[in-house]
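Undergrad: Attaching a single structure in structure tokens format; questions to follow.
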Amino acid sequence: MRRRDFIVISGAFSAFVARGGQIATERPRLKVGIVSDTHIQDEASARHFEKALCYFRDCGVDAVMHVGDISDWGLVSAWRYAAEAWERVFPGNRAPDGRKIVKLFTTGNHDFEGIKYWDQKEEMLACGYNEKDLLVANGIEAQWERFFGEKFEPVVHKRVKGYDFITTHWNHRKAIVEWMKAHGGELDAAKPFFFFQHVNPDVTIAAGCSGDGGAARKAFDDSPNAVVIGGHTHLSLTDGHQIWQGGFTAVGAASMSWSELPFGYENARQLVPSKDRVEEMPPLQDRFFQTVKQGMVMSVYGDRIVFEKRDFTHDCELDAPWIVPLPGSGRRPYAFAAHAAATPIPRFGEDARVSVRTVVGSNRRGEKSVQMVVDFPSAVRDGVRAYDYEIRVESEGDEGQVVCRVVSPTYNCGFERECRAQRAVFSVRKLPRGVPYRVAVYPRNCFGGTGKPIRSDVRHST
Ligand SMILES: [Zn+2]
């Protein structure tokens, strides 16, 4: 496609919309429900996928995107549960009013090799399933065709209401580079187009957890109208790093099973065990319990794309939608620096207080540990909530040492579900010796933008 054409045309759209002032009442030209990482295990765990499909149906979507890891252990039965849920909600691929609903599905690593990770094989066997039911043992291509009604091809190109959607399957994720060279010119240069793959493009939103070997960057770095949607990381949509704008726009699709967090939180799961770190707090979530499910509805208008973010566990909005000017308009409000600058700084309420006490507890490994327990209210004010909190110990004349960071236990839930109270626990070995100190709690937004702290009374340790 020709970049210049796209910019000129999308600029004309924006001007038209601005003069007409029709933005609020305008109907989207395209609506797509987006989920990823459903990690379906048994029949019961397919219900969350079905619930999302019902929501998308009621929103009037034209298509539903699933960005891979449909199954958790990689079983035929999981794809069957997914296909049956689809058929109940969209029988014959149709909405209740008879419109055709397009499936935009792709595969993820778990569909191919789910039982290779952690202790998943043991889980699978304990739940009454076995290796004879593995997708790879039954011909994954044939199973794809059987359950999702389309040929399993390395690169799949579909058109929905005039918009192009392209995906590569998990085992063909490098194929997009050659495909774009051969077919990129056939894409409609006047519109955004959408590429989805299970992993995220390198150096964008994946927080070091990628795996496409730079393929998406190679394919789309000069395609400002490309919108690349990836899953896999399970990072929460409440983290502003899940949208990125550079040469193209990248958006994370989060997870319909459980959320993950980047490293460095005292109360988060540590994906890579390290001798150096002993977290004093239990991790917020366990993979197997699959708590907190997120998805999106994407609406494409003449001048913008709106991503509404949904908490499917509590059936509410997660937080304010991302409103992306049409890629190619020249504006990139979701480049990390611009987005960070526009993200409000959280503040504590006027009467917020910190309480601090010392206890003999146990750390995450179950070892006895003398701990400092810090209790404080959540920083929620004027429609802004803190994403995480930094705990510092301050002595006379110094800025304070960071002793731990905790993420709010409800960081991945809808705004209205934000908990009222927070707790941080750290080892007293991090306290200064022989000098008076105070414990300070700083509320932060997802980009580390830090609000005014609240502080404990002065304490002493000898
Ligand atoms: Zn996954």
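Here's how to read the names in the structure tokens: chain A, B, ... by the order shown, residue numbers from 1 in each chain, ligand numbers from 1 in the order shown.
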Please write out the residues within 9 Å of ligand 1 as an MDAnalysis selection string, counting only C-alpha atoms and all ligand atoms.

TA: chainID A and resid 36:39 68:72 108:110 198 231:234 254:258

Undergrad: Give me every strand (DSSP E or B) residue in stretch 66-206 of chain A, going by DSSP on the backbone, as number ranges by chain.

TA: A: 66, 71, 75, 94, 100, 102-105, 134, 155-160, 163-168, 193-197

Undergrad: Emit the selected residues as a compact mmCIF listing (two decimals), in the first residue's frame, including N, CA and C atoms.

TA:
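Output contents, as saved in again.txt:
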# COMPACT_ATOMS: atom_id res chain seq x y z
N HIS A 66 -10.59 -14.42 17.99
CA HIS A 66 -9.97 -15.16 19.09
C HIS A 66 -8.48 -15.28 18.75
N SER A 71 -7.45 -23.57 23.66
CA SER A 71 -7.39 -24.64 24.66
C SER A 71 -6.24 -24.38 25.62
N LEU A 75 -6.14 -29.89 23.88
CA LEU A 75 -6.97 -31.08 23.63
C LEU A 75 -8.06 -30.82 22.59
N ARG A 94 -24.59 -17.31 12.31
CA ARG A 94 -25.50 -16.18 12.09
C ARG A 94 -25.97 -15.58 13.41
N LYS A 100 -24.57 -12.64 8.88
CA LYS A 100 -23.46 -13.59 9.02
C LYS A 100 -22.43 -13.00 9.99
N VAL A 102 -18.59 -13.37 11.26
CA VAL A 102 -17.34 -13.96 10.77
C VAL A 102 -16.47 -14.40 11.94
N LYS A 103 -15.96 -15.63 11.83
CA LYS A 103 -15.00 -16.14 12.81
C LYS A 103 -13.61 -15.68 12.40
N LEU A 104 -12.93 -15.00 13.31
CA LEU A 104 -11.54 -14.61 13.09
C LEU A 104 -10.72 -15.29 14.18
N PHE A 105 -10.46 -16.57 14.01
CA PHE A 105 -9.78 -17.35 15.05
C PHE A 105 -8.37 -17.68 14.59
N LEU A 134 -4.99 -35.29 22.51
CA LEU A 134 -4.21 -34.10 22.12
C LEU A 134 -4.49 -33.72 20.66
N VAL A 155 -1.22 -18.59 6.43
CA VAL A 155 -1.70 -17.21 6.51
C VAL A 155 -3.15 -17.19 6.02
N VAL A 156 -4.01 -16.57 6.81
CA VAL A 156 -5.43 -16.52 6.44
C VAL A 156 -5.82 -15.06 6.25
N HIS A 157 -6.46 -14.77 5.15
CA HIS A 157 -6.89 -13.40 4.84
C HIS A 157 -8.40 -13.41 4.65
N LYS A 158 -9.09 -12.57 5.44
CA LYS A 158 -10.55 -12.48 5.28
C LYS A 158 -10.92 -11.00 5.18
N ARG A 159 -12.05 -10.76 4.59
CA ARG A 159 -12.54 -9.38 4.50
C ARG A 159 -13.91 -9.31 5.20
N VAL A 160 -14.02 -8.37 6.12
CA VAL A 160 -15.29 -8.19 6.85
C VAL A 160 -15.77 -6.77 6.61
N TYR A 163 -13.20 -4.48 5.33
CA TYR A 163 -11.94 -4.32 6.07
C TYR A 163 -11.16 -5.64 6.03
N ASP A 164 -9.85 -5.52 5.85
CA ASP A 164 -9.00 -6.71 5.74
C ASP A 164 -8.53 -7.20 7.10
N PHE A 165 -8.61 -8.50 7.29
CA PHE A 165 -8.09 -9.17 8.50
C PHE A 165 -7.16 -10.29 8.05
N ILE A 166 -5.97 -10.29 8.64
CA ILE A 166 -4.98 -11.32 8.28
C ILE A 166 -4.49 -11.96 9.57
N THR A 167 -4.29 -13.26 9.55
CA THR A 167 -3.68 -13.92 10.69
C THR A 167 -2.68 -14.96 10.23
N THR A 168 -1.72 -15.25 11.11
CA THR A 168 -0.84 -16.40 10.90
C THR A 168 -1.06 -17.35 12.07
N PHE A 193 -6.13 -1.78 8.33
CA PHE A 193 -6.30 -3.23 8.21
C PHE A 193 -5.75 -3.88 9.47
N PHE A 194 -6.13 -5.11 9.69
CA PHE A 194 -5.90 -5.74 10.98
C PHE A 194 -5.12 -7.04 10.81
N PHE A 195 -4.02 -7.14 11.56
CA PHE A 195 -3.27 -8.38 11.60
C PHE A 195 -3.34 -8.91 13.02
N PHE A 196 -3.69 -10.17 13.18
CA PHE A 196 -3.69 -10.73 14.54
C PHE A 196 -2.90 -12.02 14.56
N GLN A 197 -2.13 -12.16 15.62
CA GLN A 197 -1.31 -13.36 15.82
C GLN A 197 -1.25 -13.58 17.33

Undergrad: Smallest atom-to-atom distance to A:Ala386: which of A:Val441, A:Met281, A:Val292, A:Val89, using only C-alpha atoms?

TA: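 Of A:Val441, A:Met281, A:Val292, A:Val89, the one nearest A:Ala386, counting only C-alpha atoms, is A:Val441.
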
Undergrad: Just checking: using only C-alpha atoms, which residue out of A:Glu26, A:Asp457, A:Glu280, A:Asp375 ends up closest to A:Cys404?

TA: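 Checking each of A:Glu26, A:Asp457, A:Glu280, A:Asp375 against A:Cys404, counting only C-alpha atoms, the winner is A:Glu280.
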
Undergrad: Would you give me, as a compact mmCIF listing (two decimals) with N, CA and C atoms, in the first residue's frame, the residues in stretch 211-248 of chain A that DSSP reads as helix (DSSP H, G or I)?

TA:
# COMPACT_ATOMS: atom_id res chain seq x y z
N ALA A 215 8.93 -10.64 13.27
CA ALA A 215 8.20 -10.74 12.00
C ALA A 215 7.22 -9.58 11.80
N ALA A 216 6.43 -9.26 12.83
CA ALA A 216 5.43 -8.20 12.67
C ALA A 216 6.10 -6.85 12.43
N ARG A 217 7.23 -6.62 13.11
CA ARG A 217 7.95 -5.36 12.88
C ARG A 217 8.42 -5.28 11.43
N LYS A 218 8.98 -6.39 10.95
CA LYS A 218 9.46 -6.40 9.56
C LYS A 218 8.31 -6.17 8.58
N ALA A 219 7.18 -6.77 8.87
CA ALA A 219 6.06 -6.71 7.93
C ALA A 219 5.35 -5.35 7.96
N PHE A 220 5.30 -4.70 9.14
CA PHE A 220 4.39 -3.55 9.27
C PHE A 220 5.02 -2.23 9.67
N GLY A 240 -1.63 0.63 30.56
CA GLY A 240 -1.55 1.42 29.32
C GLY A 240 -0.49 0.92 28.35
N HIS A 241 0.43 0.07 28.82
CA HIS A 241 1.43 -0.49 27.92
C HIS A 241 0.81 -1.49 26.94
N GLN A 242 -0.46 -1.79 27.10
CA GLN A 242 -1.10 -2.76 26.20
C GLN A 242 -1.57 -2.13 24.89

Undergrad: What's around A:Ala95 at 10 Å? Count only C-alpha atoms, leave out sequence neighbours fewer than 2 positions away in its own chain, and write the answer as number ranges by chain.

TA: A: 57-58, 60-62, 89-93, 97-101

Undergrad: Can you list, as a list of chain:residue names, every protein, DNA or RNA residue that comes within 7 Å of A:Val428 when you count only C-alpha atoms, leaving out same-chain residues fewer than 3 positions away?

TA: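 Surrounding residues, per the criterion: A:Val370, A:Gln371, A:Met372, A:Leu431.
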
Undergrad: With N, CA and C atoms retained, export the selected residues as a PDB file, in the first residue's frame.

TA:
ATOM      1  N   VAL A 370      10.264 -12.157  59.944  1.00  0.00           N
ATOM      2  CA  VAL A 370       9.781 -10.989  60.684  1.00  0.00           C
ATOM      3  C   VAL A 370       9.459  -9.915  59.648  1.00  0.00           C
ATOM      4  N   GLN A 371       8.230  -9.479  59.680  1.00  0.00           N
ATOM      5  CA  GLN A 371       7.730  -8.651  58.570  1.00  0.00           C
ATOM      6  C   GLN A 371       7.148  -7.332  59.052  1.00  0.00           C
ATOM      7  N   MET A 372       7.198  -6.363  58.170  1.00  0.00           N
ATOM      8  CA  MET A 372       6.502  -5.101  58.370  1.00  0.00           C
ATOM      9  C   MET A 372       5.227  -5.167  57.527  1.00  0.00           C
ATOM     10  N   LEU A 431      14.840  -2.582  56.771  1.00  0.00           N
ATOM     11  CA  LEU A 431      14.762  -1.327  57.522  1.00  0.00           C
ATOM     12  C   LEU A 431      16.161  -0.802  57.844  1.00  0.00           C
TER      13      LEU A 431
END

Undergrad: For A:Val406, work out the shell of residues within 6 Å, counting only C-alpha atoms and skipping chain neighbours fewer than 5 positions away, then give it as a list in words.

TA: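 Surrounding residues, per the criterion: Tyr265, Glu266, Asn267, Asp388 and Tyr389 of chain A.
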
Undergrad: When distances are computed from only C-alpha atoms, which of A:Gln270, A:Gln41, A:Thr450, A:Asn225 shows the smallest separation from A:Ala126?

TA: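 So, comparing all the options, the nearest one is A:Gln41.
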
Undergrad: Set the distance at 10 Å and use only C-alpha atoms: which residues neighbour A:Asp382 once local chain neighbours fewer than 2 positions away are removed? I'd like the list as a VMD selection string.

TA: chain A and resid 346 to 347 349 380 384 to 385

Undergrad: Those residues with C-alpha atoms, as a compact mmCIF listing (two decimals), in the first residue's frame please?

TA:
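Below is the file that was written, out-v2.txt:
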# COMPACT_ATOMS: atom_id res chain seq x y z
CA PRO A 346 -3.46 9.06 41.22
CA ARG A 347 -4.03 10.75 44.57
CA GLY A 349 -8.05 10.96 49.74
CA VAL A 380 -9.17 6.40 44.31
CA VAL A 384 -8.72 7.97 38.91
CA ARG A 385 -7.33 4.93 40.72

Undergrad: Skip A:Pro377 itself and residues of its chain fewer than 6 positions away, then list as an NGL selection string all residues within 10 Å of it, counting only C-alpha atoms.

TA: :A and (348-349 or 351-355 or 419-423)

Undergrad: May I have a table of the residues of stretch 175-239 of chain A lying at most 10 Å from stretch 302-312 of chain A, giving each one's closest pair of atoms and their distance in Å to one decimal, counting only C-alpha atoms, ordered by chain and ascending residue number, as CSV?

TA:
residue,atom,partner,partner_atom,distance
A:Lys191,CA,A:Gly302,CA,8.8
A:Pro192,CA,A:Ile305,CA,9.1
A:Val227,CA,A:Ile305,CA,9.9
A:Leu237,CA,A:Lys309,CA,7.0
A:Thr238,CA,A:Lys309,CA,8.4

Undergrad: Based on the selection just made, write N, CA and C atoms of those residues as an mmCIF file, in the first residue's frame.

TA:
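File produced: selection_33.cif:
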data_model
loop_
_atom_site.group_PDB
_atom_site.id
_atom_site.type_symbol
_atom_site.label_atom_id
_atom_site.label_comp_id
_atom_site.auth_asym_id
_atom_site.auth_seq_id
_atom_site.Cartn_x
_atom_site.Cartn_y
_atom_site.Cartn_z
ATOM 1 N N LYS A 191 -7.995 2.469 4.216
ATOM 2 C CA LYS A 191 -8.613 1.994 5.457
ATOM 3 C C LYS A 191 -7.560 1.358 6.364
ATOM 4 N N PRO A 192 -7.862 1.303 7.666
ATOM 5 C CA PRO A 192 -6.986 0.481 8.507
ATOM 6 C C PRO A 192 -7.165 -0.980 8.131
ATOM 7 N N VAL A 227 -3.076 -2.350 12.132
ATOM 8 C CA VAL A 227 -3.384 -2.522 13.554
ATOM 9 C C VAL A 227 -3.084 -3.977 13.879
ATOM 10 N N LEU A 237 -5.531 -5.218 30.439
ATOM 11 C CA LEU A 237 -5.858 -4.050 29.610
ATOM 12 C C LEU A 237 -5.897 -2.767 30.430
ATOM 13 N N THR A 238 -5.850 -2.887 31.755
ATOM 14 C CA THR A 238 -5.775 -1.675 32.583
ATOM 15 C C THR A 238 -4.358 -1.112 32.600
#

Undergrad: Mind giving me the straight-line distance from atom CA of A:Ser408 to atom CA of A:Tyr387 in Å, one decimal?

TA: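 If I compute the distance from atom CA of A:Ser408 to atom CA of A:Tyr387, I get 6.1 Å.
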
Undergrad: Counting only C-alpha atoms, which of A:Arg331, A:His314, A:Arg433, A:Arg364 gets nearest to A:Arg417?

TA: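 Selected residue with least distance to A:Arg417: A:His314.
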